[in-house]
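Reproduced below: input.cif, with mmCIF, C-alpha atoms.
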data_my_file
#
loop_
_atom_site.label_atom_id
_atom_site.label_comp_id
_atom_site.auth_asym_id
_atom_site.auth_seq_id
_atom_site.Cartn_x
_atom_site.Cartn_y
_atom_site.Cartn_z
CA MET A 691 104.03 -228.76 -8.79
CA GLU A 692 100.43 -228.76 -7.56
CA LYS A 693 98.04 -227.43 -10.18
CA LEU A 694 96.30 -224.15 -9.41
CA LEU A 695 93.68 -224.47 -12.12
CA THR A 696 91.89 -227.06 -14.21
CA ILE A 697 90.30 -225.92 -17.48
CA VAL A 698 87.81 -228.28 -19.13
CA ILE A 699 87.22 -227.90 -22.87
CA PRO A 700 84.28 -229.96 -24.21
CA ALA A 701 84.71 -230.47 -27.96
CA TYR A 702 82.38 -231.95 -30.55
CA ASN A 703 83.11 -231.57 -34.29
CA MET A 704 85.23 -228.47 -33.70
CA GLU A 705 88.10 -229.06 -36.12
CA SER A 706 87.79 -225.57 -37.62
CA LEU A 707 87.66 -223.66 -34.32
CA LEU A 708 89.57 -225.76 -31.80
CA PRO A 709 93.05 -224.56 -32.89
CA ARG A 710 92.12 -220.93 -32.15
CA CYS A 711 90.82 -221.98 -28.76
CA LEU A 712 93.92 -223.98 -27.82
CA ASP A 713 96.40 -221.48 -29.26
CA SER A 714 94.91 -218.80 -27.01
CA ILE A 715 95.97 -220.72 -23.89
CA CYS A 716 99.38 -221.92 -25.07
CA ILE A 717 101.26 -219.75 -22.60
CA GLU A 718 104.52 -221.30 -21.42
CA LYS A 719 104.56 -219.34 -18.14
CA VAL A 720 101.36 -220.96 -16.84
CA MET A 721 101.81 -224.53 -18.02
CA ASP A 722 103.31 -225.87 -14.79
CA ARG A 723 100.36 -224.48 -12.81
CA VAL A 724 97.42 -225.39 -15.05
CA GLN A 725 95.81 -228.63 -16.19
CA VAL A 726 93.86 -228.46 -19.47
CA LEU A 727 91.45 -231.32 -20.16
CA ILE A 728 90.19 -231.52 -23.75
CA VAL A 729 87.17 -233.83 -23.71
CA ASN A 730 86.38 -235.13 -27.19
CA ASP A 731 82.67 -235.91 -27.23
CA GLY A 732 82.61 -238.56 -29.95
CA SER A 733 83.52 -236.14 -32.75
CA LYS A 734 83.19 -237.36 -36.33
CA ASP A 735 85.70 -234.92 -37.80
CA LYS A 736 89.39 -234.29 -36.95
CA THR A 737 88.75 -232.75 -33.52
CA LEU A 738 90.41 -235.67 -31.70
CA GLU A 739 93.47 -235.62 -33.97
CA ILE A 740 93.92 -231.89 -33.43
CA ALA A 741 93.58 -232.24 -29.66
CA GLN A 742 96.11 -235.08 -29.60
CA THR A 743 98.58 -232.95 -31.56
CA TYR A 744 98.53 -230.32 -28.80
CA GLU A 745 98.77 -233.05 -26.15
CA SER A 746 101.88 -234.51 -27.78
CA ARG A 747 103.43 -231.05 -27.98
CA TYR A 748 102.67 -230.12 -24.35
CA PRO A 749 102.02 -233.41 -22.48
CA HIS A 750 102.44 -231.80 -19.04
CA TYR A 751 99.72 -229.25 -19.86
CA PHE A 752 97.10 -230.78 -22.20
CA THR A 753 95.34 -234.07 -21.53
CA VAL A 754 92.89 -235.50 -24.07
CA VAL A 755 89.94 -237.57 -22.92
CA ASP A 756 88.14 -239.42 -25.72
CA LYS A 757 84.59 -240.57 -25.00
CA PRO A 758 81.33 -241.47 -26.78
CA ASN A 759 78.94 -238.63 -27.53
CA GLY A 760 76.92 -237.55 -24.52
CA ASN A 761 76.65 -233.78 -24.93
CA TYR A 762 78.14 -231.01 -22.82
CA GLY A 763 77.04 -232.35 -19.44
CA SER A 764 78.82 -235.68 -19.86
CA CYS A 765 82.01 -233.86 -20.86
CA MET A 766 81.88 -231.71 -17.74
CA ASN A 767 81.23 -234.69 -15.48
CA VAL A 768 84.28 -236.48 -16.89
CA GLY A 769 86.30 -233.28 -16.61
CA LEU A 770 85.43 -232.74 -12.96
CA SER A 771 86.26 -236.36 -12.13
CA CYS A 772 89.76 -235.85 -13.60
CA ALA A 773 90.37 -232.34 -12.25
CA GLU A 774 93.57 -231.85 -10.25
CA GLY A 775 93.56 -228.06 -9.93
CA LYS A 776 92.60 -226.08 -6.84
CA TYR A 777 90.24 -224.07 -9.07
CA PHE A 778 88.02 -225.12 -11.94
CA ARG A 779 86.69 -223.29 -14.95
CA THR A 780 85.44 -224.02 -18.45
CA LEU A 781 86.22 -223.03 -22.02
CA ASP A 782 84.01 -223.98 -24.95
CA ALA A 783 85.89 -225.13 -28.04
CA ASP A 784 84.34 -222.39 -30.19
CA ASP A 785 85.38 -219.67 -27.72
CA TRP A 786 88.83 -218.59 -26.57
CA TYR A 787 90.72 -216.77 -23.82
CA ASP A 788 92.45 -213.44 -24.06
CA SER A 789 96.03 -214.73 -23.68
CA LYS A 790 97.42 -211.82 -21.67
CA SER A 791 94.46 -211.71 -19.30
CA TYR A 792 94.61 -215.48 -18.89
CA GLU A 793 98.27 -215.32 -17.83
CA LYS A 794 97.48 -212.59 -15.30
CA PHE A 795 94.50 -214.57 -14.04
CA VAL A 796 96.67 -217.58 -13.23
CA ASP A 797 99.00 -215.26 -11.31
CA GLU A 798 95.97 -213.98 -9.35
CA LEU A 799 95.18 -217.53 -8.28
CA GLU A 800 98.38 -217.44 -6.20
CA LYS A 801 96.85 -214.67 -4.08
CA THR A 802 93.39 -216.01 -3.26
CA ASP A 803 91.56 -218.69 -1.34
CA ALA A 804 88.03 -217.53 -2.22
CA ASP A 805 85.37 -220.14 -2.98
CA MET A 806 84.27 -218.36 -6.14
CA LEU A 807 86.10 -216.04 -8.51
CA LEU A 808 84.30 -213.76 -10.89
CA CYS A 809 86.04 -212.19 -13.89
CA GLU A 810 84.99 -209.80 -16.61
CA ARG A 811 84.50 -211.11 -20.14
CA LYS A 812 84.21 -210.12 -23.78
CA GLU A 813 81.53 -211.06 -26.27
CA PHE A 814 82.49 -211.30 -29.94
CA TYR A 815 79.65 -210.67 -32.39
CA GLU A 816 80.74 -212.50 -35.49
CA ALA A 817 78.24 -210.92 -37.90
CA ARG A 818 79.41 -207.41 -36.98
CA ASN A 819 83.03 -208.36 -36.30
CA CYS A 820 83.05 -206.45 -33.02
CA PHE A 821 83.79 -207.02 -29.34
CA VAL A 822 81.69 -205.91 -26.38
CA ASP A 823 83.31 -205.70 -22.94
CA ILE A 824 81.24 -206.86 -19.96
CA THR A 825 83.19 -205.17 -17.18
CA PHE A 826 82.78 -204.36 -13.48
CA ASN A 827 81.81 -200.82 -12.61
CA LYS A 828 83.60 -198.57 -10.12
CA ASP A 829 81.39 -199.68 -7.23
CA VAL A 830 82.81 -203.21 -7.19
CA GLN A 831 85.52 -203.96 -4.63
CA LEU A 832 88.24 -205.65 -6.64
CA ASN A 833 91.06 -208.11 -5.95
CA LYS A 834 90.02 -208.96 -2.39
CA ASP A 835 88.57 -212.12 -0.87
CA LEU A 836 85.16 -210.97 0.36
CA ILE A 837 82.48 -212.58 2.49
CA ILE A 838 79.37 -213.10 0.31
CA ASN A 839 76.79 -210.37 0.80
CA LYS A 840 73.31 -210.10 -0.70
CA LYS A 841 74.10 -206.53 -1.71
CA PHE A 842 76.53 -207.78 -4.36
CA TRP A 843 73.70 -209.08 -6.53
CA GLY A 844 72.13 -205.64 -6.83
CA ASN A 845 75.14 -204.44 -8.79
CA ASP A 846 74.31 -204.67 -12.50
CA SER A 847 77.92 -205.22 -13.58
CA ILE A 848 78.22 -208.17 -11.19
CA LYS A 849 74.89 -209.65 -12.30
CA ALA A 850 76.00 -209.42 -15.93
CA ASN A 851 79.08 -211.49 -15.16
CA VAL A 852 77.60 -214.24 -12.98
CA LEU A 853 77.54 -216.63 -15.93
CA VAL A 854 79.62 -219.63 -16.97
CA PRO A 855 82.24 -217.68 -19.00
CA SER A 856 83.08 -215.48 -16.01
CA ILE A 857 82.78 -217.99 -13.14
CA CYS A 858 85.60 -219.96 -11.54
CA TYR A 859 84.92 -222.16 -8.49
CA LYS A 860 87.13 -224.02 -6.09
CA THR A 861 87.16 -227.62 -7.27
CA SER A 862 86.44 -228.72 -3.71
CA ILE A 863 83.19 -226.71 -3.74
CA LEU A 864 82.03 -228.54 -6.88
CA ARG A 865 82.80 -231.90 -5.34
CA GLU A 866 81.27 -231.05 -1.98
CA CYS A 867 77.98 -230.04 -3.64
CA ASN A 868 78.14 -233.27 -5.69
CA MET A 869 78.00 -231.27 -8.91
CA LYS A 870 76.56 -233.40 -11.70
CA TRP A 871 75.64 -231.94 -15.06
CA THR A 872 72.60 -233.49 -16.77
CA GLU A 873 73.83 -235.79 -19.53
CA ASN A 874 72.50 -236.27 -23.06
CA ALA A 875 70.91 -232.83 -22.94
CA PHE A 876 71.58 -229.26 -24.05
CA TYR A 877 71.61 -226.09 -21.89
CA THR A 878 73.33 -227.82 -19.01
CA ASP A 879 75.89 -225.03 -18.66
CA THR A 880 73.22 -223.19 -16.64
CA GLU A 881 73.56 -225.85 -13.92
CA TYR A 882 77.11 -224.59 -13.30
CA ASP A 883 75.71 -221.09 -12.75
CA TYR A 884 73.34 -222.36 -10.09
CA PHE A 885 74.11 -225.49 -8.05
CA PRO A 886 77.53 -224.71 -6.49
CA LEU A 887 76.24 -221.38 -5.13
CA ALA A 888 74.70 -223.01 -2.05
CA LEU A 889 78.18 -223.70 -0.64
CA VAL A 890 79.91 -220.48 -1.66
CA LYS A 891 80.89 -218.31 1.31
CA THR A 892 83.60 -216.08 -0.15
CA ILE A 893 84.09 -214.39 -3.51
CA ARG A 894 86.77 -212.38 -5.31
CA PHE A 895 86.09 -209.98 -8.20
CA ILE A 896 88.98 -209.96 -10.66
CA PRO A 897 89.02 -207.17 -13.30
CA LEU A 898 90.39 -209.27 -16.14
CA THR A 899 88.52 -210.04 -19.37
CA VAL A 900 89.72 -213.61 -19.65
CA TYR A 901 86.92 -215.27 -21.60
CA ILE A 902 85.91 -214.30 -25.14
CA TYR A 903 82.46 -215.66 -25.96
CA LEU A 904 81.53 -216.09 -29.63
CA ILE A 905 78.01 -215.01 -30.56
CA GLY A 906 76.56 -215.71 -33.97
CA ARG A 907 77.71 -219.20 -34.98
CA ASN A 908 74.86 -221.03 -36.71
CA GLU A 909 75.30 -224.19 -34.64
CA GLN A 910 74.96 -222.40 -31.30
CA SER A 911 71.99 -223.60 -29.25
CA ILE A 912 70.65 -220.16 -28.28
CA SER A 913 68.08 -219.35 -30.98
CA SER A 914 64.30 -219.70 -30.70
CA GLU A 915 64.33 -222.42 -33.35
CA SER A 916 66.96 -224.36 -31.43
CA ILE A 917 65.05 -224.01 -28.16
CA LYS A 918 61.98 -225.32 -29.98
CA LYS A 919 63.89 -228.24 -31.46
CA ASN A 920 65.51 -229.14 -28.13
CA PHE A 921 62.67 -228.25 -25.80
CA ARG A 922 62.91 -231.55 -23.93
CA SER A 923 66.48 -230.77 -22.86
CA PHE A 924 65.56 -227.29 -21.80
CA TYR A 925 62.61 -228.60 -19.81
CA LEU A 926 64.73 -231.18 -17.95
CA VAL A 927 67.37 -228.64 -16.89
CA THR A 928 64.79 -226.02 -15.90
CA LYS A 929 62.79 -228.52 -13.87
CA ARG A 930 65.91 -229.62 -11.99
CA ILE A 931 66.94 -226.07 -11.08
CA ILE A 932 63.46 -224.78 -10.21
CA SER A 933 62.71 -227.84 -8.08
CA ASN A 934 65.90 -227.23 -6.13
CA LEU A 935 65.12 -223.54 -5.65
CA VAL A 936 61.59 -224.20 -4.38
CA GLU A 937 62.27 -227.31 -2.31
CA SER A 938 65.87 -227.09 -1.07
CA SER A 939 67.27 -223.56 -1.14
CA GLN A 940 67.57 -221.41 1.99
CA LYS A 941 65.83 -218.08 1.44
CA GLU A 942 67.73 -216.44 4.28
CA SER A 943 71.12 -217.28 2.74
CA GLU A 944 73.32 -214.61 1.19
CA VAL A 945 73.29 -216.38 -2.19
CA TYR A 946 69.52 -216.91 -2.42
CA PRO A 947 68.87 -213.71 -4.45
CA LEU A 948 71.45 -214.92 -6.96
CA GLN A 949 69.90 -218.39 -7.09
CA GLU A 950 66.50 -216.83 -7.67
CA MET A 951 67.89 -214.52 -10.36
CA HIS A 952 69.32 -217.49 -12.27
CA SER A 953 66.05 -219.36 -11.88
CA ILE A 954 63.97 -216.50 -13.22
CA ARG A 955 66.40 -216.12 -16.12
CA ILE A 956 65.85 -219.70 -17.28
CA LEU A 957 62.13 -219.65 -16.48
CA ARG A 958 61.73 -216.82 -18.96
CA PHE A 959 62.55 -219.19 -21.79
CA ILE A 960 60.20 -221.91 -20.57
CA TYR A 961 57.42 -219.34 -20.50
CA GLN A 962 58.41 -217.97 -23.90
CA SER A 963 57.82 -221.52 -25.08
CA LEU A 964 54.15 -220.97 -24.26
CA LEU A 965 54.03 -218.94 -27.45
CA ILE A 966 56.70 -220.72 -29.47
CA GLN A 967 55.23 -224.22 -29.09
CA GLY A 968 53.07 -224.15 -25.96
CA ILE A 969 50.33 -226.42 -27.31
CA ASP A 970 52.84 -229.15 -28.22
CA TYR A 971 54.40 -229.12 -24.74
CA ALA A 972 51.47 -228.04 -22.61
CA ASN A 973 51.97 -230.80 -20.03
CA GLU A 974 55.67 -230.04 -19.47
CA ILE A 975 55.05 -226.29 -19.16
CA LYS A 976 52.15 -226.94 -16.78
CA GLU A 977 54.40 -229.13 -14.64
CA ILE A 978 57.04 -226.40 -14.38
CA ASP A 979 54.35 -223.84 -13.57
CA GLU A 980 52.96 -226.06 -10.80
CA ILE A 981 56.41 -226.24 -9.20
CA VAL A 982 56.73 -222.45 -9.39
CA SER A 983 53.29 -222.03 -7.81
CA LYS A 984 54.56 -223.66 -4.60
CA ASP A 985 56.56 -220.48 -3.95
CA ILE A 986 54.10 -217.57 -3.73
CA LEU A 987 56.68 -214.81 -4.20
CA LEU A 988 58.34 -216.54 -7.14
CA TYR A 989 54.94 -217.18 -8.68
CA GLU A 990 53.98 -213.52 -8.39
CA ARG A 991 57.29 -212.37 -9.86
CA THR A 992 56.85 -214.59 -12.88
CA ASN A 993 53.34 -213.32 -13.60
CA LYS A 994 55.02 -210.44 -15.40
CA ILE A 995 58.24 -212.13 -16.36
CA ASP A 996 57.92 -211.13 -20.03
CA VAL A 997 55.70 -209.29 -22.49
CA TYR A 998 54.54 -209.83 -26.06
CA ARG A 999 53.16 -206.75 -27.82
CA ASN A 1000 52.70 -205.12 -24.37
CA TYR A 1001 50.70 -208.08 -23.01
CA TYR A 1002 51.82 -210.09 -19.98
CA TYR A 1003 51.14 -213.45 -21.52
CA VAL A 1004 52.23 -215.54 -18.49
CA ASP A 1005 49.68 -213.74 -16.33
CA ALA A 1006 47.08 -214.34 -19.05
CA TYR A 1007 48.01 -218.03 -19.28
CA ARG A 1008 47.43 -218.42 -15.56
CA HIS A 1009 44.37 -216.24 -15.04
CA ASN A 1010 42.60 -215.61 -18.34
CA LYS A 1011 42.74 -218.45 -20.85
CA LEU A 1012 40.71 -216.61 -23.50
CA LYS A 1013 43.08 -213.65 -23.41
CA PHE A 1014 46.06 -216.01 -23.63
CA MET A 1015 44.63 -217.82 -26.66
CA LEU A 1016 44.14 -214.49 -28.43
CA ILE A 1017 47.76 -213.54 -27.69
CA TYR A 1018 48.94 -216.99 -28.82
CA THR A 1019 46.91 -216.76 -32.06
CA ASP A 1020 48.34 -213.30 -32.78
CA TYR A 1021 51.88 -214.60 -32.26
CA LYS A 1022 51.38 -217.61 -34.54
CA LEU A 1023 49.73 -215.52 -37.26
CA ARG A 1024 52.56 -212.99 -37.26
CA ARG A 1025 55.13 -215.81 -37.39
CA PHE A 1026 53.32 -217.31 -40.36
CA LEU A 1027 53.22 -213.99 -42.21
CA HIS A 1028 56.91 -213.33 -41.60
CA LYS A 1029 57.81 -216.76 -43.00
CA LEU A 1030 55.41 -216.32 -45.92
CA PHE A 1031 57.04 -213.09 -46.98
CA LYS A 1032 60.52 -214.36 -46.08
CA GLU A 1033 61.18 -211.62 -43.58
CA GLU A 1034 63.88 -212.35 -41.03
CA ASN A 1035 62.50 -210.29 -38.14
CA ASN A 1036 61.07 -212.39 -35.32
CA PRO A 1037 57.94 -210.92 -33.68
CA MET A 1038 59.32 -212.07 -30.36
CA PRO A 1039 63.13 -212.26 -30.49
CA ILE A 1040 64.73 -214.93 -28.34
CA THR A 1041 68.24 -214.80 -26.92
CA TYR A 1042 69.78 -217.25 -24.50
CA ARG A 1043 72.86 -217.74 -22.38
#
File written out as structure tokens:
Amino acid sequence: MEKLLTIVIPAYNMESLLPRCLDSICIEKVMDRVQVLIVNDGSKDKTLEIAQTYESRYPHYFTVVDKPNGNYGSCMNVGLSCAEGKYFRTLDADDWYDSKSYEKFVDELEKTDADMLLCERKEFYEARNCFVDITFNKDVQLNKDLIINKKFWGNDSIKANVLVPSICYKTSILRECNMKWTENAFYTDTEYDYFPLALVKTIRFIPLTVYIYLIGRNEQSISSESIKKNFRSFYLVTKRIISNLVESSQKESEVYPLQEMHSIRILRFIYQSLLIQGIDYANEIKEIDEIVSKDILLYERTNKIDVYRNYYYVDAYRHNKLKFMLIYTDYKLRRFLHKLFKEENNPMPITYR
């Protein structure tokens, strides 16, 4: 039977969490229609052994690919090269699917030929042991293949779900756009949010909370300290996306507002780096800013992309260096005092996804 769906699961040192992930998709009714690729990214623990156990149990469903470490992007590139399903989506090894919704989702794939499918999702906050549903509101037209329209991206419940955990593309769209994730870098999941959009003509909104996204694990790469540590990766991915938006995207297209929204979302964290470690990476931030400046409207929008203590520090960085240095000094001083007194509150909280 031809596979309807390929799911790629990148896994690195996930022996404690991978069983939960894989158990959530062990649904007999879907196994003939779905291909699951577990890509072991050079793990040093028992991740590979665990994955191979599931493969031996369900060889027609799970396939294990063992490769040297190359980070998320390399796993996705290998996964796409091996994908046999009509549709393609991802599942991180520390996350999981809602089993009932997943089964219904596979059934929905029998009814659609849309280029892009968008589901609802859940976020699980580990510290508080609670779930938050990110659902479509009543204004969204559900369970129909729709021609892409710019008006979709004005709907807050749609915007909240146009992220990796909720997105499913036709595999042919990914191959036609020559989708290549940046390798040996972090944050490359954002490339999946952005690059295939240029070829998407039709979309289907499916009201199923398939993906459960874990928030709060210490190793997750979404904190300000992690962004600081891995700034080079973040810079490379941001530069690639912003360059494409400014130089290659079609502003008149129906997906352009969504492309711009994704770009502004990731630019916010580059500009937050002005305060976090702007002096250390002044040249890289300047290079990104020079690319942005080629698009007048984008440049103006990012003048007030974020605030610190009610100051638009990006605008100050561009137009008033003295004001920016005062803001920067205030930020660094407050960070120092918080660390000195061992307070956990961050004067400028950072979140990322």
For the interface of region 933-961 of chain A with region 970-986 of chain A (cut-off 8 Å, counting only C-alpha atoms), please tabulate each contacting residue of region 933-961 of chain A alongside its nearest pair of atoms and their separation in Å to one decimal, rows sorted by chain and increasing number, as CSV.
residue,atom,partner,partner_atom,distance
A:Ser933,CA,A:Ile981,CA,6.6
A:Val936,CA,A:Asp985,CA,6.3
A:Ile960,CA,A:Ile975,CA,6.9
A:Tyr961,CA,A:Ile975,CA,7.5
Write the residues you've just listed into a file as a CSV table (one decimal), keeping the file's coordinate frame, and include C-alpha atoms for each of them.
chain,number,residue,atom,x,y,z
A,933,SER,CA,62.7,-227.8,-8.1
A,936,VAL,CA,61.6,-224.2,-4.4
A,960,ILE,CA,60.2,-221.9,-20.6
A,961,TYR,CA,57.4,-219.3,-20.5
(request) Name the closest residue to Val830 (chain A) among the candidates A:Ile995, A:Ile932, A:Cys809, A:Cys858; distances are taken between atoms, counting all atoms listed in the file. (result) A:Cys809
(request) Give as a ChimeraX atom specification the residues that the PyMOL selection byres ((chain A and resi 878) around 9) matches when applied to the coordinates above. (result) /A:762-763,871-873,875-877,879-882,923-924,927
(message) With the PyMOL selection byres ((chain A and resi 727) around 8) as the selection, what would be picked from this file? Answer as a list of chain:residue names, please.
(response)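 Selected by the PyMOL selection byres ((chain A and resi 727) around 8) in this file: A:Thr696, A:Ile697, A:Val698, A:Ile699, A:Gln725, A:Val726, A:Ile728, A:Val729, A:Phe752, A:Thr753, A:Val754, A:Val755, A:Gly769.
Each of A:Ser706, A:Ser789, A:Asn819, A:Asn874 was checked against Ile905 (chain A) using all atoms listed in the file; the smallest atom-to-atom distance is that of A:Asn819.
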(request) Just the residues within 12 Å of region 794-804 of chain A, please, counting all atoms listed in the file, with nothing from its chain fewer than 3 positions along; format it as a PyMOL selection string. (result) chain A and resi 692-697+715+717-725+775-779+787-791+807-810+832-838+856+858-863+889-901
(message) Rounded to one decimal, what separation in Å do you get between CA of Ile931 (chain A) and CA of Ser943 (chain A)?
(response) 16.9 Å
(message) So the first atom is CA of Phe1031 (chain A) and the second is CA of Val1004 (chain A); what is the distance between them in Å, to one decimal place?
(response)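 CA of Phe1031 (chain A) sits 29.0 Å away from CA of Val1004 (chain A).
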(message) To one decimal place in Å, what is the distance between CA of Ile966 (chain A) and CA of Leu1027 (chain A)?
(response) 14.8 Å
(message) For a quick check of understanding, using only C-alpha atoms, which of A:Ile969, A:Leu904, A:Leu708, A:Leu948 has the smallest distance to Leu738 (chain A)?
(response)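 Closest to Leu738 (chain A), using only C-alpha atoms: A:Leu708.
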(message) Given all atoms listed in the file as the basis, pick out the residue of A:Thr1019, A:Thr737, A:Asn993, A:Asn767 nearest to Leu712 (chain A).
(response)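 When distances to Leu712 (chain A) are compared using all atoms listed in the file, the smallest one comes from A:Thr737.
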(request) Find the residues around Asn703 (chain A) up to 8 Å (all atoms listed in the file counted), leave out those fewer than 5 positions away in its own chain, and share them as a PyMOL selection string. (result) chain A and resi 733-737
(request) I would like the residues chosen by the PyMOL selection byres ((chain A and resi 785) around 8) on the shown file; could you give them as a PyMOL selection string? (result) chain A and resi 711+781-784+786-787+901-904
